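> my_file36.cif is reproduced below (mmCIF, C-alpha atoms).
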data_model
loop_
_atom_site.group_PDB
_atom_site.id
_atom_site.type_symbol
_atom_site.label_atom_id
_atom_site.label_comp_id
_atom_site.auth_asym_id
_atom_site.auth_seq_id
_atom_site.Cartn_x
_atom_site.Cartn_y
_atom_site.Cartn_z
ATOM 1 C CA MET A 13 6.878 -18.945 49.946
ATOM 2 C CA ARG A 14 7.687 -20.948 46.840
ATOM 3 C CA ARG A 15 4.675 -19.447 44.997
ATOM 4 C CA VAL A 16 5.772 -15.889 45.809
ATOM 5 C CA ILE A 17 9.250 -16.475 44.399
ATOM 6 C CA LEU A 18 7.785 -18.096 41.274
ATOM 7 C CA ALA A 19 5.326 -15.196 40.774
ATOM 8 C CA VAL A 20 8.030 -12.529 41.191
ATOM 9 C CA THR A 21 10.390 -14.354 38.811
ATOM 10 C CA GLY A 22 7.621 -14.748 36.220
ATOM 11 C CA THR A 23 6.697 -11.068 36.496
ATOM 12 C CA ILE A 24 10.301 -9.972 36.033
ATOM 13 C CA ALA A 25 10.738 -12.263 33.008
ATOM 14 C CA GLY A 26 7.537 -10.880 31.467
ATOM 15 C CA LEU A 27 8.612 -7.278 31.988
ATOM 16 C CA VAL A 28 12.034 -7.935 30.441
ATOM 17 C CA ALA A 29 10.396 -9.523 27.406
ATOM 18 C CA LEU A 30 7.919 -6.649 27.073
ATOM 19 C CA LEU A 31 10.558 -3.929 27.381
ATOM 20 C CA SER A 32 12.882 -5.589 24.856
ATOM 21 C CA PHE A 33 10.172 -5.649 22.139
ATOM 22 C CA LYS A 34 11.084 -3.530 19.109
ATOM 23 C CA SER A 35 8.186 -2.089 17.125
ATOM 24 C CA HIS A 36 8.263 -0.740 13.564
ATOM 25 C CA ASP A 37 9.843 2.725 13.432
ATOM 26 C CA PRO A 38 7.953 4.802 10.821
ATOM 27 C CA THR A 39 10.470 7.653 11.079
ATOM 28 C CA MET A 40 13.252 5.769 9.293
ATOM 29 C CA PRO A 41 14.818 7.568 6.314
ATOM 30 C CA VAL A 42 13.059 6.976 3.014
ATOM 31 C CA ALA A 43 14.883 4.963 0.359
ATOM 32 C CA ALA A 44 15.860 6.835 -2.790
ATOM 33 C CA THR A 45 12.739 7.021 -4.926
ATOM 34 C CA THR A 46 11.508 9.007 -7.830
ATOM 35 C CA GLY A 47 8.714 11.356 -6.946
ATOM 36 C CA THR A 48 5.433 11.128 -8.773
ATOM 37 C CA GLY A 49 3.029 13.961 -8.505
ATOM 38 C CA GLY A 50 -0.706 13.653 -8.423
ATOM 39 C CA GLY A 51 -2.843 14.911 -11.237
ATOM 40 C CA SER A 52 -6.261 13.952 -12.443
ATOM 41 C CA ALA A 53 -7.749 12.597 -15.642
ATOM 42 C CA THR A 54 -4.624 13.004 -17.715
ATOM 43 C CA SER A 55 -2.478 10.639 -19.701
ATOM 44 C CA SER A 56 0.909 9.918 -18.218
ATOM 45 C CA SER A 57 4.301 9.268 -19.690
ATOM 46 C CA SER A 58 7.267 7.857 -17.856
ATOM 47 C CA SER A 59 10.558 9.680 -18.114
ATOM 48 C CA SER A 60 13.676 7.936 -16.819
ATOM 49 C CA ALA A 61 11.938 6.606 -13.713
ATOM 50 C CA THR A 62 13.824 4.213 -11.487
ATOM 51 C CA THR A 63 11.855 1.123 -10.545
ATOM 52 C CA ILE A 64 11.975 0.209 -6.884
ATOM 53 C CA PRO A 65 11.700 -3.488 -5.989
ATOM 54 C CA GLY A 66 8.049 -4.183 -5.345
ATOM 55 C CA GLU A 67 6.855 -1.120 -7.233
ATOM 56 C CA PHE A 68 3.927 -1.901 -9.528
ATOM 57 C CA ARG A 69 3.594 0.281 -12.586
ATOM 58 C CA SER A 70 1.102 -1.533 -14.788
ATOM 59 C CA VAL A 71 0.027 1.534 -16.759
ATOM 60 C CA ALA A 72 2.732 1.663 -19.386
ATOM 61 C CA GLY A 73 2.865 2.681 -23.001
ATOM 62 C CA PRO A 74 0.469 4.827 -24.973
ATOM 63 C CA LEU A 75 -3.219 4.799 -24.234
ATOM 64 C CA THR A 76 -5.546 3.401 -26.866
ATOM 65 C CA THR A 77 -8.544 5.244 -28.277
ATOM 66 C CA GLY A 78 -11.187 5.944 -25.673
ATOM 67 C CA GLU A 79 -8.912 5.312 -22.688
ATOM 68 C CA SER A 80 -8.196 7.909 -20.047
ATOM 69 C CA THR A 81 -6.220 7.863 -16.830
ATOM 70 C CA ILE A 82 -7.545 8.952 -13.479
ATOM 71 C CA THR A 83 -5.094 9.494 -10.654
ATOM 72 C CA GLY A 84 -6.305 9.066 -7.097
ATOM 73 C CA LYS A 85 -5.294 11.305 -4.226
ATOM 74 C CA VAL A 86 -2.251 10.362 -2.169
ATOM 75 C CA ALA A 87 -3.387 8.480 0.919
ATOM 76 C CA SER A 88 -1.103 8.835 3.921
ATOM 77 C CA THR A 89 -0.631 5.682 5.971
ATOM 78 C CA VAL A 90 1.432 4.945 9.061
ATOM 79 C CA TYR A 91 4.152 3.435 6.855
ATOM 80 C CA GLY A 92 4.109 5.913 3.962
ATOM 81 C CA PRO A 93 2.016 7.283 1.088
ATOM 82 C CA VAL A 94 -0.105 5.168 -1.253
ATOM 83 C CA GLN A 95 -1.390 6.472 -4.590
ATOM 84 C CA ILE A 96 -3.004 4.635 -7.464
ATOM 85 C CA GLN A 97 -3.909 5.432 -11.054
ATOM 86 C CA LEU A 98 -6.719 3.914 -13.089
ATOM 87 C CA VAL A 99 -7.016 3.461 -16.841
ATOM 88 C CA VAL A 100 -10.687 3.675 -17.762
ATOM 89 C CA LYS A 101 -12.278 2.743 -21.082
ATOM 90 C CA ASN A 102 -16.038 3.024 -21.641
ATOM 91 C CA SER A 103 -16.608 3.613 -17.907
ATOM 92 C CA LYS A 104 -14.813 0.350 -17.096
ATOM 93 C CA ILE A 105 -11.534 0.023 -15.166
ATOM 94 C CA VAL A 106 -9.109 -1.810 -17.467
ATOM 95 C CA LYS A 107 -5.768 -1.227 -15.681
ATOM 96 C CA VAL A 108 -4.562 -0.160 -12.261
ATOM 97 C CA ALA A 109 -1.125 1.231 -11.405
ATOM 98 C CA VAL A 110 0.410 1.872 -8.001
ATOM 99 C CA LEU A 111 2.222 5.200 -8.319
ATOM 100 C CA GLU A 112 3.375 5.548 -4.718
ATOM 101 C CA GLN A 113 3.789 2.964 -2.008
ATOM 102 C CA PRO A 114 5.610 2.622 1.312
ATOM 103 C CA THR A 115 9.293 1.762 0.721
ATOM 104 C CA ASN A 116 10.954 2.714 4.016
ATOM 105 C CA THR A 117 12.000 -0.827 4.885
ATOM 106 C CA ILE A 118 12.372 -4.163 3.121
ATOM 107 C CA HIS A 119 9.311 -5.304 5.086
ATOM 108 C CA ASP A 120 7.242 -2.484 3.529
ATOM 109 C CA ILE A 121 8.350 -3.617 0.067
ATOM 110 C CA GLN A 122 7.517 -7.257 0.823
ATOM 111 C CA ILE A 123 4.057 -6.286 2.019
ATOM 112 C CA GLY A 124 3.530 -4.311 -1.200
ATOM 113 C CA GLU A 125 4.659 -7.251 -3.334
ATOM 114 C CA PHE A 126 2.153 -9.428 -1.488
ATOM 115 C CA ALA A 127 -0.808 -7.034 -1.212
ATOM 116 C CA PHE A 128 -0.932 -4.920 -4.373
ATOM 117 C CA PRO A 129 -1.487 -7.736 -6.911
ATOM 118 C CA ARG A 130 -4.423 -8.977 -4.813
ATOM 119 C CA LEU A 131 -5.873 -5.487 -4.414
ATOM 120 C CA ILE A 132 -5.500 -4.791 -8.142
ATOM 121 C CA SER A 133 -7.209 -8.044 -9.153
ATOM 122 C CA GLU A 134 -10.073 -7.334 -6.733
ATOM 123 C CA THR A 135 -10.423 -3.826 -8.176
ATOM 124 C CA LEU A 136 -10.624 -5.147 -11.736
ATOM 125 C CA ALA A 137 -13.206 -7.742 -10.695
ATOM 126 C CA ALA A 138 -15.363 -5.391 -8.589
ATOM 127 C CA GLN A 139 -15.069 -2.326 -10.879
ATOM 128 C CA ASN A 140 -15.447 -0.081 -7.826
ATOM 129 C CA ALA A 141 -13.773 0.686 -4.506
ATOM 130 C CA LYS A 142 -15.822 -1.788 -2.476
ATOM 131 C CA ILE A 143 -13.077 -4.372 -2.085
ATOM 132 C CA ASP A 144 -11.710 -6.350 0.841
ATOM 133 C CA ALA A 145 -8.456 -5.460 2.574
ATOM 134 C CA VAL A 146 -5.557 -7.912 2.410
ATOM 135 C CA SER A 147 -4.866 -9.669 5.693
ATOM 136 C CA GLY A 148 -1.467 -8.663 7.046
ATOM 137 C CA ALA A 149 -1.460 -5.431 5.048
ATOM 138 C CA SER A 150 -4.254 -3.515 6.742
ATOM 139 C CA TYR A 151 -2.708 -0.034 6.591
ATOM 140 C CA THR A 152 -1.490 -0.474 3.007
ATOM 141 C CA SER A 153 -4.905 -1.824 1.972
ATOM 142 C CA ALA A 154 -6.671 1.110 3.629
ATOM 143 C CA GLY A 155 -4.414 3.576 1.795
ATOM 144 C CA TYR A 156 -4.988 1.775 -1.521
ATOM 145 C CA ILE A 157 -8.758 1.742 -1.028
ATOM 146 C CA SER A 158 -8.763 5.428 -0.031
ATOM 147 C CA SER A 159 -6.815 6.446 -3.137
ATOM 148 C CA LEU A 160 -8.981 4.161 -5.281
ATOM 149 C CA GLN A 161 -12.162 5.705 -3.880
ATOM 150 C CA SER A 162 -10.932 9.223 -4.703
ATOM 151 C CA ALA A 163 -10.156 8.136 -8.276
ATOM 152 C CA VAL A 164 -13.544 6.429 -8.669
ATOM 153 C CA ASP A 165 -15.335 9.497 -7.258
ATOM 154 C CA HIS A 166 -13.480 11.729 -9.690
ATOM 155 C CA GLY A 167 -13.897 9.783 -12.873
ATOM 156 C CA LEU A 168 -16.453 6.963 -12.894
#
Show this structure as C-alpha cells.

Amino acid sequence: MRRVILAVTGTIAGLVALLSFKSHDPTMPVAATTGTGGGSATSSSSSSATTIPGEFRSVAGPLTTGESTITGKVASTVYGPVQIQLVVKNSKIVKVAVLEQPTNTIHDIQIGEFAFPRLISETLAAQNAKIDAVSGASYTSAGYISSLQSAVDHGL
C-alpha cells in the first residue's frame, strides 16, 4: 500500500513539473530593427542604421581595390532570420558580416554574441562553408552556415 501511494504521488509531481515547463515562444513580437535587404555581389554602404546589441557588422567603410561583397540568402530559423555578407579579395574571404540575426528576445541576442564571433573566425580559417556548428546555438549556426553556403556558391 505504501508503494502505491508513493508511486501516485511521484507521478502527480512529475506531471505538475512537466505541465509547468515554459518553452521558447518564437511568435513574440520582433524588437525594433532596421531592415537590410539581400542583394548579391555589390558593395554596400550603411545609412543611418541603428545597431542592435549583439549585432555584428564587420564590413564597414569603403572597399579596397580588388574587393567585392557577396551577400548570402536569408536563412530562416526557428528563432528568426540569419543573413551574412562576405568581403572577398583574390578569391579569399577577408571579412564576414552578419546582416540579419534573431533578436526577438535577450536570449537570442546573447546566443548571437556568443556564436557569431566563433562562426566568423571558423569561416575565415576554413575559407569555405564546411565549418562546425557552435554548441548551444544549433539553429543559429545552421542558419549562418546556410547563408554562408549560398554566398560561397554565388561568388567563390
> Atom CA of Lys142 of chain A to atom CA of Gln161 of chain A: how many Å, to one decimal?
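Straight-line distance from atom CA of Lys142 of chain A to atom CA of Gln161 of chain A works out to 8.5 Å.
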> Name the residues in contact with Ser103 of chain A at a cut-off of 10 Å, using all atoms listed in the file, excluding same-chain residues fewer than 5 positions from it; report them as a list in words.
Gly78, Glu79, Ser80, Gln139, Gly167 and Leu168 of chain A
> Would you save the residues of that selection, restricted to C-alpha atoms, as a short mmCIF file (atom, residue, chain, number, x, y, z; two decimals), in the frame of the given file?

data_model
loop_
_atom_site.label_atom_id
_atom_site.label_comp_id
_atom_site.auth_asym_id
_atom_site.auth_seq_id
_atom_site.Cartn_x
_atom_site.Cartn_y
_atom_site.Cartn_z
CA GLY A 78 -11.19 5.94 -25.67
CA GLU A 79 -8.91 5.31 -22.69
CA SER A 80 -8.20 7.91 -20.05
CA GLN A 139 -15.07 -2.33 -10.88
CA GLY A 167 -13.90 9.78 -12.87
CA LEU A 168 -16.45 6.96 -12.89
#
> Would you be able to write out as a compact mmCIF listing (two decimals) with C-alpha atoms, in the coordinates of the input which residues have an atom within 12 Å of (7.6, -7.2, 4.7) in the file's coordinates, counting only C-alpha atoms?

# COMPACT_ATOMS: atom_id res chain seq x y z
CA HIS A 36 8.26 -0.74 13.56
CA GLY A 66 8.05 -4.18 -5.34
CA TYR A 91 4.15 3.44 6.86
CA PRO A 114 5.61 2.62 1.31
CA THR A 115 9.29 1.76 0.72
CA ASN A 116 10.95 2.71 4.02
CA THR A 117 12.00 -0.83 4.88
CA ILE A 118 12.37 -4.16 3.12
CA HIS A 119 9.31 -5.30 5.09
CA ASP A 120 7.24 -2.48 3.53
CA ILE A 121 8.35 -3.62 0.07
CA GLN A 122 7.52 -7.26 0.82
CA ILE A 123 4.06 -6.29 2.02
CA GLY A 124 3.53 -4.31 -1.20
CA GLU A 125 4.66 -7.25 -3.33
CA PHE A 126 2.15 -9.43 -1.49
CA ALA A 127 -0.81 -7.03 -1.21
CA GLY A 148 -1.47 -8.66 7.05
CA ALA A 149 -1.46 -5.43 5.05
CA THR A 152 -1.49 -0.47 3.01
> Go through A:Ser150, A:Thr23, A:Thr81, A:Thr135 one by one, measure the shortest atom-to-atom distance of each to His166 of chain A using only C-alpha atoms, and give the residue with the smallest value.
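Counting only C-alpha atoms, the residue closest to His166 of chain A is A:Thr81.
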